[in-house]
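**Q** Just model-v7.pdb, nothing more (PDB, C-alpha atoms):
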```pdb
ATOM      1  CA  MET A  16      58.438 -35.669  35.055
ATOM      2  CA  SER A  17      58.558 -39.381  34.288
ATOM      3  CA  LEU A  18      59.530 -39.495  30.640
ATOM      4  CA  ILE A  19      63.088 -40.424  29.796
ATOM      5  CA  PRO A  20      64.793 -37.867  27.601
ATOM      6  CA  LEU A  21      68.365 -39.059  27.039
ATOM      7  CA  GLY A  22      69.789 -40.826  24.029
ATOM      8  CA  PHE A  23      67.666 -41.452  21.004
ATOM      9  CA  PHE A  24      66.413 -44.659  22.559
ATOM     10  CA  GLY A  25      66.271 -43.271  26.084
ATOM     11  CA  GLY A  26      68.583 -43.496  29.046
ATOM     12  CA  GLY A  27      68.579 -43.532  32.797
ATOM     13  CA  SER A  28      66.229 -41.038  34.390
ATOM     14  CA  SER A  29      68.919 -39.982  36.836
ATOM     15  CA  ALA A  30      71.485 -39.362  34.114
ATOM     16  CA  SER A  31      72.326 -35.880  32.948
ATOM     17  CA  LEU A  32      73.775 -34.352  29.831
ATOM     18  CA  GLU A  33      76.588 -31.806  29.987
ATOM     19  CA  LEU A  34      78.015 -29.800  27.133
ATOM     20  CA  ILE A  35      81.707 -30.427  26.515
ATOM     21  CA  SER A  36      82.205 -28.339  23.384
ATOM     22  CA  THR A  37      80.389 -26.879  20.373
ATOM     23  CA  GLN A  38      81.938 -25.920  17.061
ATOM     24  CA  VAL A  39      80.066 -23.780  14.537
ATOM     25  CA  LEU A  40      82.176 -23.409  11.431
ATOM     26  CA  ALA A  41      83.014 -19.851  10.435
ATOM     27  CA  SER A  42      84.593 -21.162   7.238
ATOM     28  CA  ALA A  43      84.553 -24.437   5.354
ATOM     29  CA  ALA A  44      86.690 -27.157   6.896
ATOM     30  CA  THR A  45      87.908 -30.572   5.800
ATOM     31  CA  SER A  46      87.638 -31.971   9.309
ATOM     32  CA  VAL A  47      86.339 -31.249  12.784
ATOM     33  CA  THR A  48      88.219 -32.461  15.853
ATOM     34  CA  PHE A  49      87.228 -32.866  19.466
ATOM     35  CA  SER A  50      90.403 -33.467  21.472
ATOM     36  CA  SER A  51      91.305 -33.741  25.152
ATOM     37  CA  ILE A  52      87.877 -35.202  25.846
ATOM     38  CA  PRO A  53      87.291 -35.320  29.621
ATOM     39  CA  GLN A  54      87.254 -38.820  31.075
ATOM     40  CA  THR A  55      84.668 -37.988  33.726
ATOM     41  CA  TYR A  56      81.464 -39.172  32.014
ATOM     42  CA  LYS A  57      79.872 -42.531  31.336
ATOM     43  CA  HIS A  58      78.958 -41.970  27.686
ATOM     44  CA  LEU A  59      79.408 -39.349  24.980
ATOM     45  CA  GLN A  60      76.809 -37.911  22.650
ATOM     46  CA  LEU A  61      77.738 -36.094  19.440
ATOM     47  CA  ARG A  62      75.110 -34.018  17.656
ATOM     48  CA  TYR A  63      75.548 -32.319  14.310
ATOM     49  CA  ALA A  64      73.613 -30.358  11.736
ATOM     50  CA  ALA A  65      75.824 -29.921   8.712
ATOM     51  CA  TYR A  66      76.125 -29.780   4.980
ATOM     52  CA  ALA A  67      78.986 -30.266   2.562
ATOM     53  CA  THR A  68      80.688 -28.318  -0.202
ATOM     54  CA  ASN A  69      82.506 -29.605  -3.266
ATOM     55  CA  VAL A  70      80.711 -32.942  -3.132
ATOM     56  CA  GLY A  71      77.250 -34.450  -3.423
ATOM     57  CA  LEU A  72      75.830 -36.921  -0.962
ATOM     58  CA  THR A  73      78.486 -38.060   1.476
ATOM     59  CA  ALA A  74      78.813 -39.797   4.788
ATOM     60  CA  VAL A  75      80.516 -38.211   7.759
ATOM     61  CA  THR A  76      83.428 -40.474   8.666
ATOM     62  CA  ILE A  77      84.760 -40.843  12.190
ATOM     63  CA  ASN A  78      88.149 -41.788  13.570
ATOM     64  CA  LEU A  79      88.912 -42.203  17.252
ATOM     65  CA  ASN A  80      92.203 -41.337  18.977
ATOM     66  CA  GLY A  81      93.830 -40.752  15.595
ATOM     67  CA  ASP A  82      93.540 -44.430  14.675
ATOM     68  CA  ASN A  83      93.480 -44.764  10.873
ATOM     69  CA  ALA A  84      94.174 -48.492  10.767
ATOM     70  CA  SER A  85      91.656 -51.190   9.843
ATOM     71  CA  ASN A  86      90.187 -51.426  13.324
ATOM     72  CA  TYR A  87      86.594 -50.416  12.645
ATOM     73  CA  ALA A  88      83.424 -52.288  11.714
ATOM     74  CA  GLN A  89      79.953 -51.083  10.888
ATOM     75  CA  HIS A  90      76.337 -51.998  10.292
ATOM     76  CA  SER A  91      73.737 -49.605   8.951
ATOM     77  CA  LEU A  92      70.103 -49.460   7.942
ATOM     78  CA  ASP A  93      69.082 -46.872   5.363
ATOM     79  CA  GLY A  94      65.752 -45.673   4.011
ATOM     80  CA  ASP A  95      65.939 -43.570   0.852
ATOM     81  CA  GLY A  96      62.265 -42.873   0.291
ATOM     82  CA  ALA A  97      61.785 -45.910  -1.940
ATOM     83  CA  SER A  98      63.196 -48.861  -0.042
ATOM     84  CA  VAL A  99      65.103 -49.905   3.029
ATOM     85  CA  SER A 100      68.557 -51.436   2.700
ATOM     86  CA  SER A 101      71.112 -52.850   5.084
ATOM     87  CA  PHE A 102      74.899 -52.680   4.927
ATOM     88  CA  ASN A 103      77.797 -54.123   6.857
ATOM     89  CA  SER A 104      81.521 -53.787   6.618
ATOM     90  CA  SER A 105      84.524 -54.848   8.696
ATOM     91  CA  SER A 106      88.250 -54.096   8.769
ATOM     92  CA  ARG A 107      87.457 -50.508   7.951
ATOM     93  CA  ILE A 108      89.743 -47.534   8.527
ATOM     94  CA  ASN A 109      86.872 -45.519  10.031
ATOM     95  CA  PHE A 110      83.140 -45.749  10.462
ATOM     96  CA  ASN A 111      80.444 -43.747   8.781
ATOM     97  CA  SER A 112      77.837 -41.707  10.524
ATOM     98  CA  PRO A 113      74.668 -40.455   8.769
ATOM     99  CA  TYR A 114      74.860 -38.612   5.481
ATOM    100  CA  ILE A 115      75.193 -34.940   4.699
ATOM    101  CA  TYR A 116      74.616 -33.291   1.325
ATOM    102  CA  SER A 117      75.797 -30.243  -0.584
ATOM    103  CA  ASN A 118      72.648 -28.199  -0.080
ATOM    104  CA  ALA A 119      72.424 -25.482   2.560
ATOM    105  CA  ASN A 120      68.689 -26.071   2.824
ATOM    106  CA  SER A 121      69.076 -29.774   3.343
ATOM    107  CA  LEU A 122      71.052 -30.064   6.516
ATOM    108  CA  GLY A 123      72.148 -33.529   7.436
ATOM    109  CA  ALA A 124      71.535 -34.140  11.100
ATOM    110  CA  GLY A 125      73.071 -36.826  13.249
ATOM    111  CA  ILE A 126      72.932 -37.925  16.888
ATOM    112  CA  LEU A 127      75.617 -40.404  17.899
ATOM    113  CA  ASP A 128      76.173 -42.139  21.226
ATOM    114  CA  PHE A 129      79.554 -43.564  22.229
ATOM    115  CA  LEU A 130      79.003 -45.963  25.095
ATOM    116  CA  ASP A 131      81.441 -46.600  27.959
ATOM    117  CA  TYR A 132      84.022 -44.494  26.165
ATOM    118  CA  THR A 133      86.446 -44.439  29.124
ATOM    119  CA  SER A 134      86.529 -48.205  29.570
ATOM    120  CA  THR A 135      89.960 -49.783  29.174
ATOM    121  CA  THR A 136      88.609 -53.336  29.081
ATOM    122  CA  LYS A 137      86.081 -53.120  26.248
ATOM    123  CA  ASN A 138      86.091 -52.421  22.549
ATOM    124  CA  LYS A 139      84.016 -49.308  21.873
ATOM    125  CA  THR A 140      80.540 -49.203  20.367
ATOM    126  CA  MET A 141      78.846 -46.278  18.673
ATOM    127  CA  ARG A 142      75.180 -46.061  17.729
ATOM    128  CA  GLY A 143      73.882 -43.332  15.499
ATOM    129  CA  PHE A 144      70.689 -41.912  14.072
ATOM    130  CA  GLY A 145      70.432 -39.291  11.374
ATOM    131  CA  GLY A 146      68.862 -38.095   8.196
ATOM    132  CA  LEU A 147      68.353 -35.412   5.620
ATOM    133  CA  VAL A 148      65.556 -34.454   3.255
ATOM    134  CA  SER A 149      65.469 -32.692  -0.134
ATOM    135  CA  GLY A 150      67.878 -33.043  -2.990
ATOM    136  CA  GLN A 151      68.706 -36.347  -1.391
ATOM    137  CA  SER A 152      66.510 -38.096   1.155
ATOM    138  CA  HIS A 153      67.949 -40.588   3.592
ATOM    139  CA  ILE A 154      67.185 -41.792   7.065
ATOM    140  CA  ASN A 155      69.866 -43.892   8.752
ATOM    141  CA  LEU A 156      70.437 -46.052  11.773
ATOM    142  CA  VAL A 157      74.077 -47.018  12.207
ATOM    143  CA  SER A 158      76.228 -48.917  14.628
ATOM    144  CA  GLY A 159      79.992 -48.810  14.706
ATOM    145  CA  LEU A 160      82.657 -50.832  16.442
ATOM    146  CA  TRP A 161      86.155 -49.637  17.221
ATOM    147  CA  MET A 162      88.303 -52.633  18.129
ATOM    148  CA  SER A 163      90.349 -50.972  20.806
ATOM    149  CA  THR A 164      90.247 -51.011  24.584
ATOM    150  CA  ALA A 165      91.769 -47.547  24.782
ATOM    151  CA  ALA A 166      89.653 -44.841  26.344
ATOM    152  CA  ILE A 167      88.407 -42.392  23.732
ATOM    153  CA  SER A 168      90.242 -39.096  24.063
ATOM    154  CA  SER A 169      89.637 -37.598  20.627
ATOM    155  CA  ILE A 170      87.093 -37.762  17.804
ATOM    156  CA  VAL A 171      87.821 -36.596  14.277
ATOM    157  CA  LEU A 172      85.016 -36.112  11.758
ATOM    158  CA  THR A 173      85.811 -35.825   8.078
ATOM    159  CA  THR A 174      83.857 -35.900   4.857
ATOM    160  CA  ASN A 175      84.443 -35.957   1.144
ATOM    161  CA  GLY A 176      84.777 -32.333   0.126
ATOM    162  CA  GLN A 177      84.408 -29.986   3.085
ATOM    163  CA  PHE A 178      82.014 -29.215   5.876
ATOM    164  CA  ALA A 179      80.349 -25.940   4.925
ATOM    165  CA  THR A 180      80.203 -22.695   6.849
ATOM    166  CA  THR A 181      77.581 -22.682   9.650
ATOM    167  CA  SER A 182      77.794 -26.455  10.041
ATOM    168  CA  ARG A 183      77.477 -27.224  13.736
ATOM    169  CA  PHE A 184      78.964 -30.004  15.875
ATOM    170  CA  SER A 185      78.355 -30.426  19.610
ATOM    171  CA  LEU A 186      79.870 -32.964  21.991
ATOM    172  CA  TYR A 187      78.162 -33.830  25.273
ATOM    173  CA  GLY A 188      79.054 -35.997  28.229
ATOM    174  CA  VAL A 189      76.383 -38.237  29.722
ATOM    175  CA  LYS A 190      76.758 -38.987  33.401
ATOM    176  CA  GLY A 191      76.116 -42.509  34.546
TER
ATOM    177  CA  MET B  19      79.265 -28.170  35.022
ATOM    178  CA  ALA B  20      75.609 -27.277  34.467
ATOM    179  CA  THR B  21      73.338 -29.794  32.878
ATOM    180  CA  ALA B  22      72.744 -29.224  29.179
ATOM    181  CA  LEU B  23      69.297 -30.790  29.267
ATOM    182  CA  THR B  24      66.578 -28.577  30.712
ATOM    183  CA  PRO B  25      62.850 -29.307  31.011
ATOM    184  CA  ILE B  26      60.896 -26.486  29.366
ATOM    185  CA  ALA B  27      57.320 -27.651  29.780
ATOM    186  CA  TRP B  28      55.232 -30.734  30.416
ATOM    187  CA  GLN B  29      51.617 -31.555  29.619
ATOM    188  CA  SER B  30      49.559 -34.571  30.666
ATOM    189  CA  LEU B  31      46.076 -34.835  29.238
ATOM    190  CA  SER B  32      43.172 -35.151  31.637
ATOM    191  CA  SER B  33      40.727 -35.338  28.724
ATOM    192  CA  ALA B  34      40.907 -36.213  25.036
ATOM    193  CA  THR B  35      42.412 -33.339  23.053
ATOM    194  CA  ALA B  36      42.867 -32.662  19.336
ATOM    195  CA  SER B  37      46.099 -30.727  19.676
ATOM    196  CA  VAL B  38      48.742 -29.809  22.207
ATOM    197  CA  THR B  39      50.749 -26.599  21.923
ATOM    198  CA  PHE B  40      53.990 -25.440  23.469
ATOM    199  CA  SER B  41      54.301 -21.707  22.921
ATOM    200  CA  SER B  42      56.795 -18.982  23.847
ATOM    201  CA  ILE B  43      59.654 -21.458  23.561
ATOM    202  CA  PRO B  44      62.883 -19.820  24.780
ATOM    203  CA  SER B  45      65.489 -19.316  22.072
ATOM    204  CA  SER B  46      68.376 -19.871  24.458
ATOM    205  CA  TYR B  47      69.073 -23.516  23.647
ATOM    206  CA  ARG B  48      70.765 -25.210  20.699
ATOM    207  CA  ASP B  49      68.313 -28.065  20.122
ATOM    208  CA  LEU B  50      64.846 -29.060  21.238
ATOM    209  CA  ARG B  51      63.715 -32.519  22.257
ATOM    210  CA  LEU B  52      60.055 -33.503  22.363
ATOM    211  CA  VAL B  53      59.174 -36.747  24.150
ATOM    212  CA  MET B  54      55.620 -38.049  23.752
ATOM    213  CA  GLN B  55      53.648 -41.018  24.943
ATOM    214  CA  PHE B  56      50.312 -41.050  23.203
ATOM    215  CA  GLY B  57      47.568 -42.851  21.325
ATOM    216  CA  TYR B  58      44.744 -41.768  19.103
ATOM    217  CA  SER B  59      41.034 -41.831  18.499
ATOM    218  CA  GLY B  60      39.352 -40.579  15.348
ATOM    219  CA  SER B  61      39.448 -40.708  11.588
ATOM    220  CA  GLY B  62      43.117 -40.493  10.791
ATOM    221  CA  GLY B  63      46.109 -41.490  12.833
ATOM    222  CA  THR B  64      49.006 -39.565  11.288
ATOM    223  CA  PRO B  65      50.517 -37.450  14.068
ATOM    224  CA  ILE B  66      52.451 -34.355  13.045
ATOM    225  CA  VAL B  67      54.254 -31.437  14.684
ATOM    226  CA  GLN B  68      53.609 -27.980  13.256
ATOM    227  CA  LEU B  69      56.105 -25.194  13.883
ATOM    228  CA  ASN B  70      55.219 -21.545  14.495
ATOM    229  CA  GLY B  71      51.627 -22.191  13.423
ATOM    230  CA  ASP B  72      52.652 -23.114   9.877
ATOM    231  CA  THR B  73      49.908 -25.468   8.619
ATOM    232  CA  ALA B  74      50.989 -25.448   4.961
ATOM    233  CA  TYR B  75      52.735 -28.324   3.215
ATOM    234  CA  ASN B  76      56.165 -26.873   3.987
ATOM    235  CA  TYR B  77      57.550 -29.969   5.626
ATOM    236  CA  ASN B  78      59.501 -32.636   3.725
ATOM    237  CA  TYR B  79      59.975 -36.057   5.202
ATOM    238  CA  VAL B  80      61.701 -39.357   4.585
ATOM    239  CA  VAL B  81      60.577 -42.319   6.655
ATOM    240  CA  MET B  82      61.848 -45.850   7.244
ATOM    241  CA  GLU B  83      59.704 -48.462   8.968
ATOM    242  CA  GLY B  84      59.644 -52.155   9.779
ATOM    243  CA  ASN B  85      57.131 -54.457  11.439
ATOM    244  CA  GLY B  86      58.932 -57.770  11.676
ATOM    245  CA  ALA B  87      57.642 -58.961   8.312
ATOM    246  CA  SER B  88      58.428 -56.156   5.881
ATOM    247  CA  THR B  89      60.122 -52.781   5.533
ATOM    248  CA  PHE B  90      58.896 -49.543   4.039
ATOM    249  CA  SER B  91      60.350 -46.186   3.052
ATOM    250  CA  SER B  92      58.730 -43.149   1.485
ATOM    251  CA  THR B  93      59.304 -39.434   1.015
ATOM    252  CA  GLY B  94      57.013 -36.466   0.423
ATOM    253  CA  ASN B  95      55.431 -33.373   1.957
ATOM    254  CA  GLN B  96      53.111 -32.977   4.919
ATOM    255  CA  PRO B  97      51.506 -30.067   6.825
ATOM    256  CA  GLY B  98      53.840 -30.758   9.750
ATOM    257  CA  MET B  99      56.842 -32.829  10.795
ATOM    258  CA  THR B 100      55.644 -36.415  10.393
ATOM    259  CA  LEU B 101      56.078 -38.813  13.283
ATOM    260  CA  THR B 102      54.643 -41.949  11.677
ATOM    261  CA  PHE B 103      52.178 -42.989   8.968
ATOM    262  CA  ARG B 104      51.006 -45.939  11.033
ATOM    263  CA  THR B 105      47.885 -45.675  13.101
ATOM    264  CA  PRO B 106      48.887 -45.328  16.754
ATOM    265  CA  PRO B 107      47.243 -47.499  19.388
ATOM    266  CA  THR B 108      43.999 -46.350  20.985
ATOM    267  CA  SER B 109      45.650 -46.165  24.398
ATOM    268  CA  ALA B 110      48.552 -43.888  25.224
ATOM    269  CA  THR B 111      51.313 -46.434  24.676
ATOM    270  CA  ALA B 112      53.110 -45.250  21.530
ATOM    271  CA  ILE B 113      56.383 -43.439  22.170
ATOM    272  CA  VAL B 114      57.994 -40.713  20.077
ATOM    273  CA  THR B 115      61.149 -38.709  20.519
ATOM    274  CA  LEU B 116      61.654 -35.775  18.158
ATOM    275  CA  ASP B 117      64.878 -33.769  18.083
ATOM    276  CA  ILE B 118      64.806 -30.424  16.275
ATOM    277  CA  LEU B 119      68.350 -29.284  15.661
ATOM    278  CA  ASP B 120      69.477 -25.645  15.562
ATOM    279  CA  TYR B 121      65.848 -24.629  16.154
ATOM    280  CA  SER B 122      66.712 -21.017  16.937
ATOM    281  CA  ALA B 123      68.970 -20.455  13.921
ATOM    282  CA  THR B 124      67.734 -17.918  11.394
ATOM    283  CA  ASP B 125      70.038 -18.991   8.563
ATOM    284  CA  LYS B 126      68.955 -22.624   8.235
ATOM    285  CA  HIS B 127      65.952 -24.715   7.435
ATOM    286  CA  LYS B 128      65.078 -26.865  10.413
ATOM    287  CA  THR B 129      65.813 -30.574  10.571
ATOM    288  CA  GLY B 130      63.866 -32.891  12.853
ATOM    289  CA  LEU B 131      64.816 -36.476  13.647
ATOM    290  CA  SER B 132      62.118 -38.637  15.158
ATOM    291  CA  ARG B 133      61.812 -42.194  16.410
ATOM    292  CA  TYR B 134      58.426 -43.840  16.839
ATOM    293  CA  ASN B 135      57.838 -47.063  18.708
ATOM    294  CA  ASP B 136      54.583 -48.971  18.975
ATOM    295  CA  ALA B 137      55.431 -52.359  20.381
ATOM    296  CA  ALA B 138      52.281 -53.872  18.873
ATOM    297  CA  ALA B 139      53.044 -52.714  15.349
ATOM    298  CA  TRP B 140      55.768 -50.756  13.582
ATOM    299  CA  VAL B 141      59.121 -49.326  14.555
ATOM    300  CA  ASN B 142      59.978 -46.168  12.695
ATOM    301  CA  ALA B 143      62.654 -43.539  12.064
ATOM    302  CA  THR B 144      61.899 -40.291  10.245
ATOM    303  CA  SER B 145      63.829 -37.234   9.111
ATOM    304  CA  ASN B 146      61.902 -34.011   8.504
ATOM    305  CA  ARG B 147      62.775 -30.606   7.103
ATOM    306  CA  TRP B 148      60.779 -27.448   7.696
ATOM    307  CA  SER B 149      61.375 -25.085   4.774
ATOM    308  CA  SER B 150      61.783 -21.978   6.881
ATOM    309  CA  THR B 151      64.682 -20.034   8.343
ATOM    310  CA  SER B 152      62.521 -18.688  11.177
ATOM    311  CA  ALA B 153      63.483 -19.530  14.711
ATOM    312  CA  VAL B 154      61.046 -22.014  16.197
ATOM    313  CA  ASN B 155      58.988 -20.395  18.952
ATOM    314  CA  SER B 156      56.001 -22.740  19.140
ATOM    315  CA  LEU B 157      55.148 -26.395  18.532
ATOM    316  CA  THR B 158      51.703 -27.826  17.965
ATOM    317  CA  ILE B 159      51.267 -31.588  18.060
ATOM    318  CA  THR B 160      48.155 -32.690  16.202
ATOM    319  CA  PHE B 161      46.885 -35.071  13.502
ATOM    320  CA  VAL B 162      46.539 -34.592   9.749
ATOM    321  CA  SER B 163      42.901 -35.682   9.959
ATOM    322  CA  ALA B 164      40.400 -35.057  12.706
ATOM    323  CA  SER B 165      41.529 -37.176  15.644
ATOM    324  CA  THR B 166      42.292 -36.770  19.314
ATOM    325  CA  PHE B 167      44.970 -37.745  21.785
ATOM    326  CA  PRO B 168      43.424 -39.831  24.576
ATOM    327  CA  THR B 169      43.456 -39.090  28.266
ATOM    328  CA  GLY B 170      46.786 -39.973  29.791
ATOM    329  CA  SER B 171      48.853 -38.879  26.800
ATOM    330  CA  THR B 172      51.964 -37.029  27.924
ATOM    331  CA  PHE B 173      54.137 -34.466  26.163
ATOM    332  CA  ALA B 174      57.462 -33.190  27.469
ATOM    333  CA  LEU B 175      59.628 -30.519  25.867
ATOM    334  CA  TYR B 176      63.311 -30.120  26.694
ATOM    335  CA  GLY B 177      65.979 -27.645  25.676
ATOM    336  CA  ILE B 178      69.495 -28.850  24.984
ATOM    337  CA  ALA B 179      72.243 -26.269  25.455
ATOM    338  CA  GLY B 180      75.081 -26.035  23.034
TER
END
```
Any chance you could give the structure as structure tokens?

**A**
Amino acid sequence: MSLIPLGFFGGGSSASLELISTQVLASAATSVTFSSIPQTYKHLQLRYAAYATNVGLTAVTINLNGDNASNYAQHSLDGDGASVSSFNSSSRINFNSPYIYSNANSLGAGILDFLDYTSTTKNKTMRGFGGLVSGQSHINLVSGLWMSTAAISSIVLTTNGQFATTSRFSLYGVKG
Amino acid sequence: MATALTPIAWQSLSSATASVTFSSIPSSYRDLRLVMQFGYSGSGGTPIVQLNGDTAYNYNYVVMEGNGASTFSSTGNQPGMTLTFRTPPTSATAIVTLDILDYSATDKHKTGLSRYNDAAAWVNATSNRWSSTSAVNSLTITFVSASTFPTGSTFALYGIAG
């Protein structure tokens, strides 16, 4: 088989994807945490299909290693069904991943890659792809920068309101 | 640790074909990933993916595209998950990846995220929703209008554990 299946852009044909952890919410939650992330992979991939309660359209925000200081930057490209817009922001206290919405039939889906997450010599880069349709319609490409050379050991996802029951979050390791 | 990415099936066309179907898809994975390299010949180039044989307009989409000169976004309904509204090349050189999340869930509509690349034309990202809580057990890749995939088109389906 010659096609390249990893990442949303594609990855190395010899790479493999391993499941680290999946969380399917049995009750609404204000945040979802992946901690004690193994340091044995080259990259991480986070996949979610989620919706929100107590809020309308909202981004999923991400903090790494519990860092809530202004160490994040972001660029994004968004299509809303009428036009395409671009956004950038620096000195942020987190970065946004693609939107979710308060409609159980309009799951927001996201696929995020964290590259070289164990490196202790590089700042960390995240690229993401996601979207949702109905009620609100958005398709997003995002990139995020965490200005830290620390290896990523935990990821915390939060949103305005809460993540609703049945929302699903999976973290994978990508071998290099 | 076992790999979470498993090849389910693979098809390579030895002759031009109007549709390609993956049936009896196992329900044992969390997500599906379809990887295609294809082109088109015919009267209409909009490639779509129909789930469980549903050919009705039960699929909502939002698309974002750019071609180096302008950008475009639209939303609406189609008789399948939409991969692009741009006419693919006549040779099998366009690339699509489509991820269908929580495809085996029976309490959710299904969300599909696709990326389309045709180096000679547009780059595209699309989100789709199938308005059904049925588990996905088959995929049919076809066109809205009568067209065919050319010889050499390839279609690979993967399961992602989770």

**Q** Please provide as a PyMOL selection string all residues within 7 Å of range 139-156 of chain B, with the sequence filter that same-chain residues fewer than 3 positions apart are discarded (counting all atoms listed in the file).

**A** (chain A and resi 146-148+154) or (chain B and resi 40-43+69-70+76-85+99-102+121-136)

**Q** Would you export the selected residues with C-alpha atoms as a PDB file, in the coordinates of the input, please?

**A**
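Ended up saving to result_12.pdb:
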```pdb
ATOM      1  CA  GLY A 146      68.862 -38.095   8.196  1.00  0.00           C
ATOM      2  CA  LEU A 147      68.353 -35.412   5.620  1.00  0.00           C
ATOM      3  CA  VAL A 148      65.556 -34.454   3.255  1.00  0.00           C
ATOM      4  CA  ILE A 154      67.185 -41.792   7.065  1.00  0.00           C
TER       5      ILE A 154
ATOM      6  CA  PHE B  40      53.990 -25.440  23.469  1.00  0.00           C
ATOM      7  CA  SER B  41      54.301 -21.707  22.921  1.00  0.00           C
ATOM      8  CA  SER B  42      56.795 -18.982  23.847  1.00  0.00           C
ATOM      9  CA  ILE B  43      59.654 -21.458  23.561  1.00  0.00           C
ATOM     10  CA  LEU B  69      56.105 -25.194  13.883  1.00  0.00           C
ATOM     11  CA  ASN B  70      55.219 -21.545  14.495  1.00  0.00           C
ATOM     12  CA  ASN B  76      56.165 -26.873   3.987  1.00  0.00           C
ATOM     13  CA  TYR B  77      57.550 -29.969   5.626  1.00  0.00           C
ATOM     14  CA  ASN B  78      59.501 -32.636   3.725  1.00  0.00           C
ATOM     15  CA  TYR B  79      59.975 -36.057   5.202  1.00  0.00           C
ATOM     16  CA  VAL B  80      61.701 -39.357   4.585  1.00  0.00           C
ATOM     17  CA  VAL B  81      60.577 -42.319   6.655  1.00  0.00           C
ATOM     18  CA  MET B  82      61.848 -45.850   7.244  1.00  0.00           C
ATOM     19  CA  GLU B  83      59.704 -48.462   8.968  1.00  0.00           C
ATOM     20  CA  GLY B  84      59.644 -52.155   9.779  1.00  0.00           C
ATOM     21  CA  ASN B  85      57.131 -54.457  11.439  1.00  0.00           C
ATOM     22  CA  MET B  99      56.842 -32.829  10.795  1.00  0.00           C
ATOM     23  CA  THR B 100      55.644 -36.415  10.393  1.00  0.00           C
ATOM     24  CA  LEU B 101      56.078 -38.813  13.283  1.00  0.00           C
ATOM     25  CA  THR B 102      54.643 -41.949  11.677  1.00  0.00           C
ATOM     26  CA  TYR B 121      65.848 -24.629  16.154  1.00  0.00           C
ATOM     27  CA  SER B 122      66.712 -21.017  16.937  1.00  0.00           C
ATOM     28  CA  ALA B 123      68.970 -20.455  13.921  1.00  0.00           C
ATOM     29  CA  THR B 124      67.734 -17.918  11.394  1.00  0.00           C
ATOM     30  CA  ASP B 125      70.038 -18.991   8.563  1.00  0.00           C
ATOM     31  CA  LYS B 126      68.955 -22.624   8.235  1.00  0.00           C
ATOM     32  CA  HIS B 127      65.952 -24.715   7.435  1.00  0.00           C
ATOM     33  CA  LYS B 128      65.078 -26.865  10.413  1.00  0.00           C
ATOM     34  CA  THR B 129      65.813 -30.574  10.571  1.00  0.00           C
ATOM     35  CA  GLY B 130      63.866 -32.891  12.853  1.00  0.00           C
ATOM     36  CA  LEU B 131      64.816 -36.476  13.647  1.00  0.00           C
ATOM     37  CA  SER B 132      62.118 -38.637  15.158  1.00  0.00           C
ATOM     38  CA  ARG B 133      61.812 -42.194  16.410  1.00  0.00           C
ATOM     39  CA  TYR B 134      58.426 -43.840  16.839  1.00  0.00           C
ATOM     40  CA  ASN B 135      57.838 -47.063  18.708  1.00  0.00           C
ATOM     41  CA  ASP B 136      54.583 -48.971  18.975  1.00  0.00           C
TER      42      ASP B 136
END
```

**Q** Could you tell me, as a PyMOL selection string, exactly which residues end up selected when the PyMOL selection byres ((chain A) within 7 of (chain B)) is applied to this structure?

**A** chain A and resi 20+31-34+37+64+94-99+120+122+124+145-148+152-154+185

**Q** Any idea what's packed within 10 Å of Leu31 in chain B, counting all atoms listed in the file, ignoring anything in its chain fewer than 4 positions away? Could you give it as a PyMOL selection string?

**A** chain B and resi 35+38+56+167-173

**Q** Identify, on the basis of all atoms listed in the file, every residue whose closest approach to Leu59 in chain A does not exceed 12 Å; exclude the query and any residue fewer than 3 positions from it along the same chain; express the result as a ChimeraX atom specification.

**A** /A:21-22,31-36,49,52-56,62,126-133,139-143,166-170,185-191

**Q** For a quick check of understanding, using only C-alpha atoms, which of B:Thr39, B:Thr111, B:Thr64, B:Thr73 has the smallest distance to Phe161 in chain B?

**A**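 Going through B:Thr39, B:Thr111, B:Thr64, B:Thr73 one by one, the smallest distance to Phe161 in chain B is for B:Thr64.
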
**Q** Kindly give the distance, in Å, that separates CA of Ile108 in chain A and CA of Asn83 in chain A, rounded to a single decimal.

**A**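 Here the two named atoms are 5.2 Å from each other.
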
**Q** Just give me the gap between CA of Tyr114 in chain A and CA of Ser182 in chain A in Å, one decimal is fine.

**A** 13.3 Å
